[in-house]
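*Asks:* Handing over structure05.cif, mmCIF, C-alpha atoms.
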```cif
data_model
loop_
_atom_site.label_atom_id
_atom_site.label_comp_id
_atom_site.auth_asym_id
_atom_site.auth_seq_id
_atom_site.Cartn_x
_atom_site.Cartn_y
_atom_site.Cartn_z
CA MET A 233 -19.40 -9.03 -26.25
CA SER A 234 -17.83 -11.73 -28.36
CA THR A 235 -17.84 -15.32 -27.27
CA PRO A 236 -14.45 -16.78 -26.28
CA ARG A 237 -13.01 -18.91 -29.04
CA ARG A 238 -12.20 -22.35 -27.73
CA ARG A 239 -8.95 -23.84 -28.82
CA ALA A 240 -8.17 -27.53 -28.43
CA ASP A 241 -6.74 -28.31 -25.02
CA ALA A 242 -2.98 -28.70 -25.23
CA LEU A 243 -2.86 -30.33 -21.82
CA ARG A 244 -5.12 -31.52 -19.07
CA ILE A 245 -3.93 -31.83 -15.50
CA VAL A 246 -5.43 -33.28 -12.36
CA PRO A 247 -6.81 -30.31 -10.38
CA ARG A 248 -4.40 -29.34 -7.62
CA ALA A 249 -5.29 -28.85 -3.97
CA TRP A 250 -5.57 -25.05 -4.27
CA MET A 251 -8.07 -25.48 -7.11
CA LYS A 252 -10.26 -27.68 -4.92
CA GLN A 253 -10.37 -25.35 -1.92
CA PRO A 254 -13.89 -24.19 -1.05
CA ALA A 255 -12.98 -20.51 -1.45
CA THR A 256 -11.53 -21.07 -4.92
CA ARG A 257 -14.49 -23.10 -6.07
CA ALA A 258 -16.94 -20.55 -4.63
CA VAL A 259 -15.40 -17.70 -6.62
CA MET A 260 -15.21 -19.69 -9.85
CA ARG A 261 -18.79 -20.88 -9.39
CA ALA A 262 -19.94 -17.28 -8.88
CA LEU A 263 -18.24 -16.20 -12.13
CA GLY A 264 -19.81 -18.92 -14.25
CA GLY A 265 -18.30 -21.59 -16.46
CA GLN A 266 -16.12 -19.39 -18.70
CA ALA A 267 -13.75 -18.05 -16.04
CA ARG A 268 -10.17 -19.35 -16.05
CA PHE A 269 -7.09 -19.07 -13.87
CA VAL A 270 -4.30 -17.06 -15.47
CA GLY A 271 -0.77 -15.84 -14.77
CA GLY A 272 1.59 -17.05 -12.09
CA CYS A 273 -0.70 -19.57 -10.42
CA VAL A 274 -0.97 -21.47 -13.72
CA ARG A 275 2.74 -21.23 -14.50
CA ASP A 276 3.83 -22.34 -11.03
CA THR A 277 1.25 -25.12 -10.88
CA LEU A 278 2.59 -26.59 -14.11
CA LEU A 279 6.12 -26.36 -12.72
CA LYS A 280 4.92 -28.05 -9.50
CA ARG A 281 6.00 -25.05 -7.46
CA PRO A 282 4.08 -23.36 -4.62
CA ILE A 283 1.66 -20.76 -5.93
CA GLY A 284 1.22 -17.21 -4.68
CA ASP A 285 -1.67 -15.04 -5.80
CA ILE A 286 -4.64 -16.54 -7.60
CA ASP A 287 -5.53 -14.48 -10.68
CA ILE A 288 -8.69 -15.15 -12.67
CA ALA A 289 -9.84 -13.93 -16.09
CA THR A 290 -13.46 -13.77 -17.14
CA PRO A 291 -15.49 -12.49 -20.10
CA LEU A 292 -17.88 -10.84 -17.63
CA LEU A 293 -17.71 -7.05 -17.50
CA PRO A 294 -16.54 -5.54 -14.18
CA ASP A 295 -20.04 -4.50 -13.11
CA ALA A 296 -21.30 -8.01 -13.80
CA VAL A 297 -18.41 -9.44 -11.78
CA MET A 298 -19.36 -7.21 -8.83
CA LYS A 299 -22.99 -8.27 -9.06
CA SER A 300 -22.16 -11.97 -9.42
CA LEU A 301 -19.94 -11.90 -6.36
CA ALA A 302 -22.58 -10.00 -4.40
CA ARG A 303 -25.21 -12.62 -5.29
CA ALA A 304 -22.84 -15.29 -4.02
CA ARG A 305 -22.29 -13.25 -0.84
CA ILE A 306 -18.61 -12.88 -1.58
CA LYS A 307 -16.91 -9.62 -0.65
CA ALA A 308 -15.96 -7.68 -3.79
CA VAL A 309 -13.47 -4.81 -3.81
CA PRO A 310 -13.34 -2.57 -6.94
CA THR A 311 -9.54 -2.39 -6.97
CA GLY A 312 -9.20 -1.29 -10.60
CA LEU A 313 -12.52 -1.01 -12.38
CA ALA A 314 -11.10 1.21 -15.13
CA HIS A 315 -8.84 -1.66 -16.11
CA GLY A 316 -11.43 -4.32 -15.41
CA THR A 317 -10.09 -5.59 -12.09
CA VAL A 318 -12.14 -6.65 -9.07
CA THR A 319 -10.77 -8.41 -6.00
CA ALA A 320 -12.84 -11.14 -4.36
CA VAL A 321 -12.10 -11.72 -0.68
CA ILE A 322 -12.95 -14.89 1.23
CA GLY A 323 -11.27 -15.06 4.62
CA LYS A 324 -7.55 -14.42 4.14
CA ARG A 325 -7.59 -15.41 0.47
CA HIS A 326 -7.78 -12.73 -2.21
CA PHE A 327 -8.64 -13.46 -5.83
CA GLU A 328 -7.85 -10.82 -8.45
CA ILE A 329 -10.46 -11.05 -11.19
CA THR A 330 -9.91 -9.22 -14.47
CA THR A 331 -12.20 -8.91 -17.46
CA LEU A 332 -10.68 -10.14 -20.72
CA ARG A 333 -9.28 -7.14 -22.55
CA ARG A 334 -7.19 -5.74 -25.37
CA ASP A 335 -4.74 -2.82 -25.19
CA VAL A 336 -5.72 0.10 -27.40
CA GLU A 337 -2.96 2.53 -26.46
CA THR A 338 -0.01 2.47 -24.07
CA ASP A 339 2.52 5.04 -22.88
CA GLY A 340 5.11 2.76 -21.29
CA ARG A 341 3.42 2.84 -17.89
CA HIS A 342 -0.35 2.77 -18.39
CA ALA A 343 -2.56 1.14 -20.98
CA GLU A 344 -5.91 2.16 -22.40
CA VAL A 345 -7.93 -1.02 -22.76
CA VAL A 346 -11.16 -2.27 -24.21
CA PHE A 347 -12.92 -5.27 -22.73
CA ASP A 348 -13.10 -8.29 -24.98
CA GLY A 349 -14.33 -11.79 -24.35
CA ASP A 350 -11.60 -13.43 -26.42
CA TYR A 351 -9.04 -15.41 -24.41
CA GLU A 352 -6.64 -15.57 -27.33
CA ALA A 353 -6.67 -11.77 -27.74
CA ASP A 354 -6.16 -11.41 -23.99
CA SER A 355 -3.17 -13.74 -24.14
CA ARG A 356 -1.49 -11.53 -26.76
CA ARG A 357 -1.37 -8.54 -24.39
CA ARG A 358 0.64 -10.41 -21.76
CA ASP A 359 4.42 -10.16 -21.43
CA PHE A 360 5.93 -13.64 -21.72
CA THR A 361 4.68 -16.79 -23.35
CA MET A 362 4.80 -18.69 -20.06
CA ASN A 363 2.48 -16.09 -18.54
CA ALA A 364 -0.13 -16.40 -21.28
CA LEU A 365 -1.40 -19.83 -20.24
CA SER A 366 -4.91 -20.21 -18.84
CA LEU A 367 -6.43 -23.02 -16.81
CA THR A 368 -9.99 -24.11 -16.13
CA LEU A 369 -11.25 -25.32 -12.78
CA ASP A 370 -11.37 -28.90 -14.08
CA GLY A 371 -7.73 -28.85 -15.25
CA ALA A 372 -7.81 -27.94 -18.97
CA VAL A 373 -4.80 -25.85 -19.97
CA PHE A 374 -5.08 -23.43 -22.89
CA ASP A 375 -1.92 -22.36 -24.68
CA TYR A 376 -2.16 -19.69 -27.40
CA GLN A 377 1.47 -18.49 -27.39
CA ASN A 378 3.55 -21.70 -27.16
CA GLY A 379 3.96 -21.08 -23.46
CA LEU A 380 4.04 -24.77 -22.59
CA ARG A 381 6.99 -25.33 -24.89
CA ASP A 382 8.91 -22.39 -23.42
CA LEU A 383 8.00 -23.30 -19.86
CA LYS A 384 9.31 -26.82 -20.36
CA ALA A 385 12.52 -25.52 -21.97
CA GLY A 386 13.11 -22.80 -19.38
CA LYS A 387 12.91 -20.16 -22.12
CA VAL A 388 11.74 -16.71 -21.06
CA ARG A 389 10.42 -15.26 -24.31
CA PHE A 390 8.36 -12.16 -25.02
CA ILE A 391 5.09 -12.55 -26.86
CA GLY A 392 5.49 -11.12 -30.34
CA ASP A 393 8.03 -8.33 -30.80
CA ALA A 394 10.10 -7.85 -27.64
CA ALA A 395 10.75 -4.14 -28.19
CA THR A 396 7.03 -3.51 -28.63
CA ARG A 397 6.21 -5.36 -25.42
CA ILE A 398 8.78 -3.28 -23.51
CA ALA A 399 7.54 -0.02 -25.02
CA GLU A 400 4.04 -0.90 -23.76
CA ASP A 401 5.36 -1.21 -20.20
CA VAL A 402 9.01 -0.45 -19.46
CA LEU A 403 8.88 -2.52 -16.28
CA ARG A 404 8.85 -5.59 -18.53
CA LEU A 405 12.53 -4.94 -19.18
CA LEU A 406 13.34 -5.68 -15.54
CA ARG A 407 10.73 -8.44 -15.38
CA PHE A 408 12.55 -10.25 -18.19
CA TYR A 409 15.69 -10.55 -16.07
CA ARG A 410 13.74 -11.43 -12.96
CA PHE A 411 11.94 -14.24 -14.80
CA GLN A 412 15.21 -15.36 -16.35
CA ALA A 413 16.68 -15.64 -12.86
CA ARG A 414 13.75 -17.64 -11.53
CA TYR A 415 12.61 -19.71 -14.50
CA GLY A 416 15.29 -19.52 -17.16
CA ARG A 417 17.59 -22.36 -18.10
CA GLY A 418 20.46 -22.15 -20.53
CA ALA A 419 21.23 -19.09 -22.64
CA ALA A 420 18.81 -16.18 -22.33
CA ASP A 421 16.71 -15.32 -25.37
CA LYS A 422 18.82 -13.25 -27.79
CA ASP A 423 15.93 -11.18 -29.15
CA ALA A 424 14.79 -10.32 -25.64
CA ARG A 425 18.27 -9.26 -24.56
CA ALA A 426 18.73 -7.14 -27.67
CA ALA A 427 15.44 -5.37 -27.02
CA CYS A 428 16.37 -4.81 -23.38
CA ARG A 429 19.76 -3.35 -24.33
CA ALA A 430 18.08 -0.99 -26.78
CA SER A 431 15.56 0.12 -24.16
CA THR A 432 17.81 0.90 -21.18
CA THR A 433 17.33 4.64 -21.75
CA LEU A 434 13.70 4.14 -20.73
CA LEU A 435 14.58 2.84 -17.26
CA PRO A 436 14.71 6.31 -15.65
CA THR A 437 11.01 6.72 -16.51
CA LEU A 438 10.10 4.00 -14.00
CA SER A 439 9.19 4.90 -10.45
CA GLY A 440 11.62 3.89 -7.75
CA GLU A 441 8.99 1.72 -6.07
CA ARG A 442 8.44 -0.37 -9.21
CA VAL A 443 12.18 -0.79 -9.76
CA ALA A 444 12.72 -1.78 -6.12
CA ALA A 445 9.94 -4.37 -6.21
CA GLU A 446 11.39 -6.10 -9.27
CA LEU A 447 14.99 -5.85 -8.10
CA LEU A 448 14.31 -7.30 -4.66
CA LYS A 449 12.28 -10.15 -6.15
CA LEU A 450 15.14 -10.93 -8.50
CA LEU A 451 17.65 -10.85 -5.65
CA GLY A 452 15.45 -13.25 -3.70
CA VAL A 453 15.97 -16.20 -6.07
CA PRO A 454 18.43 -18.88 -4.91
CA ASP A 455 21.23 -17.72 -7.24
CA PRO A 456 20.74 -14.39 -9.02
CA VAL A 457 24.42 -14.00 -9.98
CA PRO A 458 24.25 -15.38 -13.55
CA THR A 459 21.39 -12.99 -14.26
CA LEU A 460 23.17 -10.07 -12.58
CA ILE A 461 26.10 -10.71 -14.91
CA LEU A 462 23.70 -10.59 -17.86
CA MET A 463 22.21 -7.35 -16.59
CA GLU A 464 25.63 -5.79 -16.22
CA LYS A 465 26.65 -6.84 -19.72
CA ASP A 466 23.39 -5.52 -21.14
CA GLY A 467 23.76 -2.15 -19.40
CA VAL A 468 20.67 -2.64 -17.25
CA LEU A 469 22.21 -2.20 -13.79
CA ALA A 470 24.05 1.08 -14.33
CA PRO A 471 20.90 3.23 -14.81
CA ILE A 472 19.55 1.87 -11.50
CA LEU A 473 22.62 1.83 -9.25
CA ALA A 474 26.42 1.88 -9.37
CA PRO A 475 27.02 -1.88 -9.24
CA ARG A 476 29.95 -3.81 -7.84
CA ASP A 477 31.47 -6.74 -9.66
CA PRO A 478 28.94 -9.60 -9.37
CA VAL A 479 31.72 -11.76 -7.92
CA VAL A 480 31.03 -9.95 -4.63
CA SER A 481 27.44 -11.15 -4.77
CA ARG A 482 28.66 -14.67 -5.43
CA ARG A 483 30.84 -14.53 -2.29
CA LEU A 484 27.88 -13.39 -0.20
CA ILE A 485 25.68 -16.20 -1.47
CA ARG A 486 28.33 -18.74 -0.49
CA ILE A 487 28.48 -17.54 3.12
CA GLU A 488 24.97 -16.27 3.92
CA PRO A 489 22.87 -18.49 6.23
CA GLN A 490 19.75 -17.78 4.13
CA PRO A 491 18.89 -15.54 1.19
CA ASP A 492 18.19 -11.93 2.13
CA PRO A 493 17.28 -9.68 -0.83
CA LEU A 494 18.10 -6.40 0.92
CA ARG A 495 21.51 -7.64 2.06
CA ARG A 496 22.19 -8.88 -1.46
CA LEU A 497 21.27 -5.41 -2.69
CA GLY A 498 23.71 -3.98 -0.17
CA VAL A 499 26.67 -5.88 -1.60
CA LEU A 500 25.58 -5.13 -5.16
CA ILE A 501 25.75 -1.36 -4.60
CA ALA A 502 29.27 0.04 -4.97
CA GLU A 503 28.58 3.48 -3.50
CA ASP A 504 25.97 5.87 -2.12
CA HIS A 505 23.73 3.35 -0.40
CA ASP A 506 21.60 6.16 0.99
CA GLY A 507 21.11 7.68 -2.46
CA VAL A 508 20.13 4.35 -3.96
CA GLY A 509 17.73 3.70 -1.09
CA ARG A 510 16.10 7.08 -1.65
CA HIS A 511 15.91 6.56 -5.42
CA LEU A 512 14.23 3.19 -4.86
CA LYS A 513 11.82 4.81 -2.40
CA LEU A 514 12.66 2.27 0.29
CA SER A 515 11.03 2.75 3.68
CA ASN A 516 13.10 4.60 6.26
CA ALA A 517 13.74 1.36 8.13
CA LEU A 518 14.97 -0.49 5.02
CA ARG A 519 17.07 2.47 3.89
CA ASP A 520 18.66 2.81 7.33
CA ARG A 521 19.51 -0.89 7.29
CA LEU A 522 20.95 -0.62 3.78
CA VAL A 523 23.19 2.28 4.81
CA ALA A 524 24.25 0.66 8.08
CA MET A 525 25.35 -2.63 6.51
CA ALA A 526 27.73 -0.78 4.19
CA ALA A 527 30.00 0.29 7.06
CA PRO A 528 32.87 -2.25 7.30
CA ILE A 529 33.95 -3.85 10.57
CA ASP A 530 37.17 -5.53 11.68
CA LEU A 531 36.50 -9.22 11.14
CA ALA A 532 39.82 -10.12 12.80
CA ALA A 533 39.10 -8.28 16.06
CA ASP A 534 39.16 -10.39 19.22
CA ALA A 535 36.10 -11.91 20.89
CA ARG A 536 35.72 -9.03 23.34
CA ALA A 537 35.59 -6.49 20.51
CA GLN A 538 33.05 -8.61 18.65
CA ARG A 539 30.84 -8.75 21.73
CA ALA A 540 31.06 -4.98 22.04
CA LEU A 541 29.92 -4.67 18.42
CA LEU A 542 27.06 -7.07 19.05
CA TYR A 543 25.94 -4.96 21.99
CA ARG A 544 26.08 -1.67 20.09
CA LEU A 545 24.59 -2.95 16.83
CA GLY A 546 22.24 -5.75 17.85
CA ARG A 547 22.46 -9.26 16.42
CA ALA A 548 20.70 -8.58 13.09
CA ALA A 549 22.74 -5.48 12.20
CA TYR A 550 25.94 -7.20 13.34
CA GLU A 551 25.26 -10.18 11.07
CA ASP A 552 24.63 -7.77 8.17
CA ARG A 553 27.98 -6.06 8.78
CA VAL A 554 29.88 -9.34 9.08
CA LEU A 555 28.44 -10.78 5.88
CA VAL A 556 28.72 -7.63 3.78
CA THR A 557 32.24 -6.84 5.00
CA ALA A 558 33.36 -10.41 4.28
CA ALA A 559 31.79 -10.49 0.82
CA VAL A 560 33.23 -7.13 -0.21
CA SER A 561 36.71 -7.77 1.23
CA GLY A 562 36.91 -11.43 0.29
CA LYS A 563 37.97 -12.25 3.87
CA THR A 564 35.44 -14.98 4.53
CA ARG A 565 37.49 -17.47 6.56
CA ASN A 566 36.11 -16.75 10.04
CA VAL A 567 32.58 -15.71 9.08
CA LYS A 568 31.03 -18.98 10.20
CA ALA A 569 32.63 -18.67 13.65
CA LEU A 570 31.54 -15.04 14.03
CA LEU A 571 27.95 -15.86 13.10
CA ALA A 572 27.94 -18.81 15.49
CA SER A 573 29.13 -16.54 18.30
CA ALA A 574 26.44 -14.04 17.42
CA ALA A 575 23.81 -16.78 17.57
CA ARG A 576 24.96 -17.62 21.11
CA TRP A 577 24.99 -13.98 22.20
CA ARG A 578 22.49 -13.07 24.89
CA PRO A 579 21.72 -9.34 25.00
CA VAL A 580 22.76 -7.57 28.20
CA ALA A 581 21.33 -4.36 29.66
CA PHE A 582 23.39 -1.48 31.00
CA PRO A 583 22.48 -1.36 34.71
CA LEU A 584 22.27 2.44 35.16
CA LYS A 585 19.63 5.01 34.24
CA GLY A 586 19.54 8.78 34.09
CA ARG A 587 17.88 8.95 37.48
CA ASP A 588 20.97 7.36 39.02
CA VAL A 589 22.99 10.36 37.83
CA THR A 590 20.51 13.00 39.00
CA ALA A 591 20.30 11.24 42.38
CA LEU A 592 23.90 12.36 42.89
CA GLY A 593 22.91 15.98 42.45
CA VAL A 594 23.68 16.40 38.74
CA ALA A 595 21.11 18.73 37.18
CA PRO A 596 19.05 17.30 34.30
CA GLY A 597 20.63 18.20 30.98
CA PRO A 598 23.42 17.16 28.59
CA ALA A 599 25.78 16.35 31.45
CA VAL A 600 23.57 13.44 32.53
CA GLY A 601 23.84 11.78 29.11
CA GLN A 602 27.57 12.41 28.93
CA ILE A 603 28.19 10.79 32.29
CA LEU A 604 26.01 7.81 31.48
CA ALA A 605 27.73 7.35 28.09
CA GLY A 606 31.14 7.46 29.74
CA VAL A 607 30.24 4.84 32.33
CA GLU A 608 28.59 2.68 29.68
CA ALA A 609 31.75 2.80 27.54
CA TRP A 610 33.76 1.78 30.62
CA TRP A 611 31.31 -1.08 31.27
CA ILE A 612 31.52 -2.26 27.65
CA ASP A 613 35.33 -2.06 27.70
CA GLY A 614 35.25 -4.33 30.72
CA ASP A 615 33.32 -6.92 28.70
CA PHE A 616 30.04 -6.18 30.54
CA LYS A 617 31.33 -7.81 33.74
CA ALA A 618 30.74 -4.88 36.11
CA ALA A 619 27.50 -5.23 38.08
CA ARG A 620 25.29 -2.33 39.09
CA ARG A 621 27.21 -1.64 42.31
CA ALA A 622 30.51 -1.34 40.45
CA CYS A 623 28.92 0.85 37.80
CA LEU A 624 27.50 3.15 40.49
CA ALA A 625 30.93 3.43 42.06
CA GLU A 626 32.48 4.35 38.71
CA MET A 627 29.74 6.90 38.12
CA LYS A 628 30.32 8.49 41.55
CA ARG A 629 34.03 8.72 40.77
CA ARG A 630 33.30 10.56 37.54
CA VAL A 631 30.72 12.88 39.09
CA ALA A 632 33.18 13.79 41.82
CA LYS A 633 35.57 15.11 39.18
CA ILE A 634 33.03 17.54 37.72
#
```
Take the structure from the file and write it as structure tokens.

*Replies:*
Amino acid sequence: MSTPRRRADALRIVPRAWMKQPATRAVMRALGGQARFVGGCVRDTLLKRPIGDIDIATPLLPDAVMKSLARARIKAVPTGLAHGTVTAVIGKRHFEITTLRRDVETDGRHAEVVFDGDYEADSRRRDFTMNALSLTLDGAVFDYQNGLRDLKAGKVRFIGDAATRIAEDVLRLLRFYRFQARYGRGAADKDARAACRASTTLLPTLSGERVAAELLKLLGVPDPVPTLILMEKDGVLAPILAPRDPVVSRRLIRIEPQPDPLRRLGVLIAEDHDGVGRHLKLSNALRDRLVAMAAPIDLAADARAQRALLYRLGRAAYEDRVLVTAAVSGKTRNVKALLASAARWRPVAFPLKGRDVTALGVAPGPAVGQILAGVEAWWIDGDFKAARRACLAEMKRRVAKI
């Protein structure tokens, strides 16, 4: 294995708190002095943002990584040995450790790699310049692809030829827009956009799960609308879903209490929410929510009608319907008041059960449910004011008519 070529440090930072944590130091110590942090934890540290996962690169081969962690009594999980990845686990913290590598062949989804101890070669296989930075435990930052310059300028730029990077992994097309939404400032890179436009025919080759993960992350940024407009202009949204005008998304962002990626997806979809949910391989619960929020409600209905909706839908589904209906219709004037009323709503329970019906001699079967549903509708129409005794009396009246 070749020895990593050391390039002059472009920057040195004071080690951050996460770098000093005992678990972090234990893993780095187990891997020896040549391991470095890579990826998002480096990028977000330099931007002074909270970090997520901690990814580490090392010249050690996967088997050596497993043995080194075992000697240090650190749990090691062989999560992707074929691609050189081992996960170290200490308590609740997971560290993804990958052997330095080069791509030999790719098919747009998977890459055949060879392990190589050269950090500069490893940096060339990454997607964007800002993701090619590496960081030592003592704070030395290595920059082989002008990532520091682009990070400072808010420029999301592919490493090398953009079309080639996308052909290696089509998901990078969507990642470009997601990174533009989160880290980009000013005009998006022209070469990157051109390559994305030319590669939109490859989007159907991606699995729904991968598309959903990128799309929901993009929709989770504070303001995804400028990027959604770019995606629409570049023909990126149409192969994924039938999109509405992004102005609808802008209206939702102005009225939503907090960002909700799935709700933002709901207003972005113009039609067939169930079909989109199935294509994206969303869980049944998420798909059901996506479909339910698409049904409009009467925002101008009186307070009694709104309480009836709250009872039938539940607070969360009601809030979805209010926000999506308002964003799509543009009728946003009373949204704040409706959401405030929903926040004050205290769920009530219908006071009758099936056994109350059978106690009157009604045989178990469909009739029991029909009677209960009728009395419940009467109770709801009365604004939930009837107590159990009154509900029983209404039920007896209805049973007597059978």

*Asks:* Measuring between all atoms listed in the file, which one of A:Val270, A:Ala262, A:Ala599, A:Ala569 shows the shortest distance to A:Ala308?

*Replies:* A:Ala262

*Asks:* Please determine the residues with any atom at most 8 Å from (25.8, -16.0, 6.4) (coordinates as given in the file, with all atoms listed in the file counting) and report them as a ChimeraX atom specification.

*Replies:* /A:484-490,551,555,567-568,571

*Asks:* Restricting the calculation to all atoms listed in the file: of A:Ala540, A:Ala605, A:Ala595, A:Leu292, which residue gets closest to A:Ala574?

*Replies:*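 Between A:Ala540, A:Ala605, A:Ala595, A:Leu292, the residue approaching A:Ala574 most closely is A:Ala540.
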
*Asks:* Find the residues around A:Gly467 up to 9 Å (only C-alpha atoms counted), leave out those fewer than 3 positions away in its own chain, and share them as a list in words.

*Replies:* Cys428, Arg429, Thr432, Leu462, Met463, Glu464, Ala470 and Pro471 of chain A

*Asks:* Pull the neighbourhood of (-5.3, -24.6, -12.5) for me: all residues within 12 Å in file coordinates, counting only C-alpha atoms, as a compact mmCIF listing (two decimals) with C-alpha atoms, keeping the file's coordinate frame.

*Replies:*
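Dumped to point02.txt:
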```txt
# COMPACT_ATOMS: atom_id res chain seq x y z
CA LEU A 243 -2.86 -30.33 -21.82
CA ARG A 244 -5.12 -31.52 -19.07
CA ILE A 245 -3.93 -31.83 -15.50
CA VAL A 246 -5.43 -33.28 -12.36
CA PRO A 247 -6.81 -30.31 -10.38
CA ARG A 248 -4.40 -29.34 -7.62
CA ALA A 249 -5.29 -28.85 -3.97
CA TRP A 250 -5.57 -25.05 -4.27
CA MET A 251 -8.07 -25.48 -7.11
CA LYS A 252 -10.26 -27.68 -4.92
CA GLN A 253 -10.37 -25.35 -1.92
CA THR A 256 -11.53 -21.07 -4.92
CA ARG A 257 -14.49 -23.10 -6.07
CA MET A 260 -15.21 -19.69 -9.85
CA ALA A 267 -13.75 -18.05 -16.04
CA ARG A 268 -10.17 -19.35 -16.05
CA PHE A 269 -7.09 -19.07 -13.87
CA VAL A 270 -4.30 -17.06 -15.47
CA GLY A 271 -0.77 -15.84 -14.77
CA GLY A 272 1.59 -17.05 -12.09
CA CYS A 273 -0.70 -19.57 -10.42
CA VAL A 274 -0.97 -21.47 -13.72
CA ARG A 275 2.74 -21.23 -14.50
CA ASP A 276 3.83 -22.34 -11.03
CA THR A 277 1.25 -25.12 -10.88
CA LEU A 278 2.59 -26.59 -14.11
CA LEU A 279 6.12 -26.36 -12.72
CA LYS A 280 4.92 -28.05 -9.50
CA ILE A 283 1.66 -20.76 -5.93
CA ILE A 286 -4.64 -16.54 -7.60
CA ASP A 287 -5.53 -14.48 -10.68
CA ILE A 288 -8.69 -15.15 -12.67
CA LEU A 365 -1.40 -19.83 -20.24
CA SER A 366 -4.91 -20.21 -18.84
CA LEU A 367 -6.43 -23.02 -16.81
CA THR A 368 -9.99 -24.11 -16.13
CA LEU A 369 -11.25 -25.32 -12.78
CA ASP A 370 -11.37 -28.90 -14.08
CA GLY A 371 -7.73 -28.85 -15.25
CA ALA A 372 -7.81 -27.94 -18.97
CA VAL A 373 -4.80 -25.85 -19.97
CA PHE A 374 -5.08 -23.43 -22.89
```

*Asks:* List the neighbours of A:Gly312 out to 10 Å using all atoms listed in the file; skip same-chain residues closer than 4 positions along the sequence, and give me the result as a ChimeraX atom specification.

*Replies:* /A:294,316-319,328-330

*Asks:* So the first atom is atom CA of A:Ala289 and the second is atom CA of A:Thr331; what is the distance between them in Å, to one decimal place?

*Replies:* 5.7 Å

*Asks:* Give as a VMD selection string the residues that the PyMOL selection byres ((chain A and resi 483) around 10) matches when applied to the coordinates above.

*Replies:* chain A and resid 478 to 482 484 to 488 499 555 to 556 558 to 564

*Asks:* Please compute the atom CA of A:Arg621-atom CA of A:Gln538 distance, one decimal, in Å.

*Replies:*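 Between these atoms lies a distance of 25.3 Å.
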
*Asks:* Output the residue selection produced by the PyMOL selection byres ((chain A and resi 634) around 10) on the file above, formatted as a list in words.

*Replies:*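 Given this file, the PyMOL selection byres ((chain A and resi 634) around 10) evaluates to Val594, Ala599, Ile603, Arg629, Arg630, Val631, Ala632 and Lys633 of chain A.
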
*Asks:* Distance atom CA of A:Ala302-atom CA of A:Gly323, one decimal place?

*Replies:* 15.3 Å

*Asks:* When distances are computed from all atoms listed in the file, which of A:Leu473, A:Leu451, A:Ala572, A:Met627 shows the smallest separation from A:Leu592?

*Replies:* A:Met627

*Asks:* What's the 8 Å shell around A:Asp492, counting only C-alpha atoms, without same-chain residues fewer than 3 positions away, as a PyMOL selection string?

*Replies:* chain A and resi 451-452+495-496

*Asks:* Just say which residues the PyMOL selection byres ((chain A and resi 509-517) around 7) picks in this file, as a ChimeraX atom specification.

*Replies:* /A:440-441,443-444,505-508,518-521

*Asks:* Let me know the centre plus edge lengths, in Å and rounded to one decimal, of a box with edges along x, y and z that contains all listed atoms of stretch 442-457 of chain A and is padded by 4 Å on every side, as AutoDock Vina command-line options.

*Replies:*
```
--center_x 16.4 --center_y -9.6 --center_z -6.8 --size_x 24.0 --size_y 26.5 --size_z 14.3
```

*Asks:* I'd like the neighbourhood of A:Asp477 as a list in words, where a residue qualifies if any of its atoms comes within 9 Å (using only C-alpha atoms), though same-chain residues fewer than 5 positions away should be ignored.

*Replies:*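 Selected residues are Ile461, Glu464, Leu500 and Ala502 of chain A.
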
*Asks:* Could you pull stretch 452-477 of chain A out of the structure just shown and give C-alpha atoms as a CSV table (one decimal), in the first residue's frame?

*Replies:*
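In the end it all went to part-v2.csv:
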```
chain,number,residue,atom,x,y,z
A,452,GLY,CA,-36.1,20.3,5.2
A,453,VAL,CA,-33.8,23.3,4.6
A,454,PRO,CA,-35.2,26.7,5.8
A,455,ASP,CA,-36.1,27.9,2.3
A,456,PRO,CA,-36.0,25.4,-0.5
A,457,VAL,CA,-38.0,27.5,-2.9
A,458,PRO,CA,-35.2,29.1,-4.9
A,459,THR,CA,-33.7,25.6,-5.5
A,460,LEU,CA,-37.1,24.1,-6.4
A,461,ILE,CA,-37.4,26.8,-9.0
A,462,LEU,CA,-34.0,25.8,-10.4
A,463,MET,CA,-35.0,22.2,-10.4
A,464,GLU,CA,-38.2,23.0,-12.3
A,465,LYS,CA,-36.3,25.1,-14.9
A,466,ASP,CA,-33.7,22.3,-15.3
A,467,GLY,CA,-36.4,19.6,-15.8
A,468,VAL,CA,-35.4,17.7,-12.6
A,469,LEU,CA,-38.8,17.7,-10.8
A,470,ALA,CA,-41.0,16.4,-13.6
A,471,PRO,CA,-39.4,12.9,-13.8
A,472,ILE,CA,-40.0,12.5,-10.0
A,473,LEU,CA,-43.4,14.0,-9.6
A,474,ALA,CA,-46.0,16.3,-11.2
A,475,PRO,CA,-45.0,19.5,-9.5
A,476,ARG,CA,-47.1,22.5,-8.6
A,477,ASP,CA,-45.9,26.1,-9.2
```
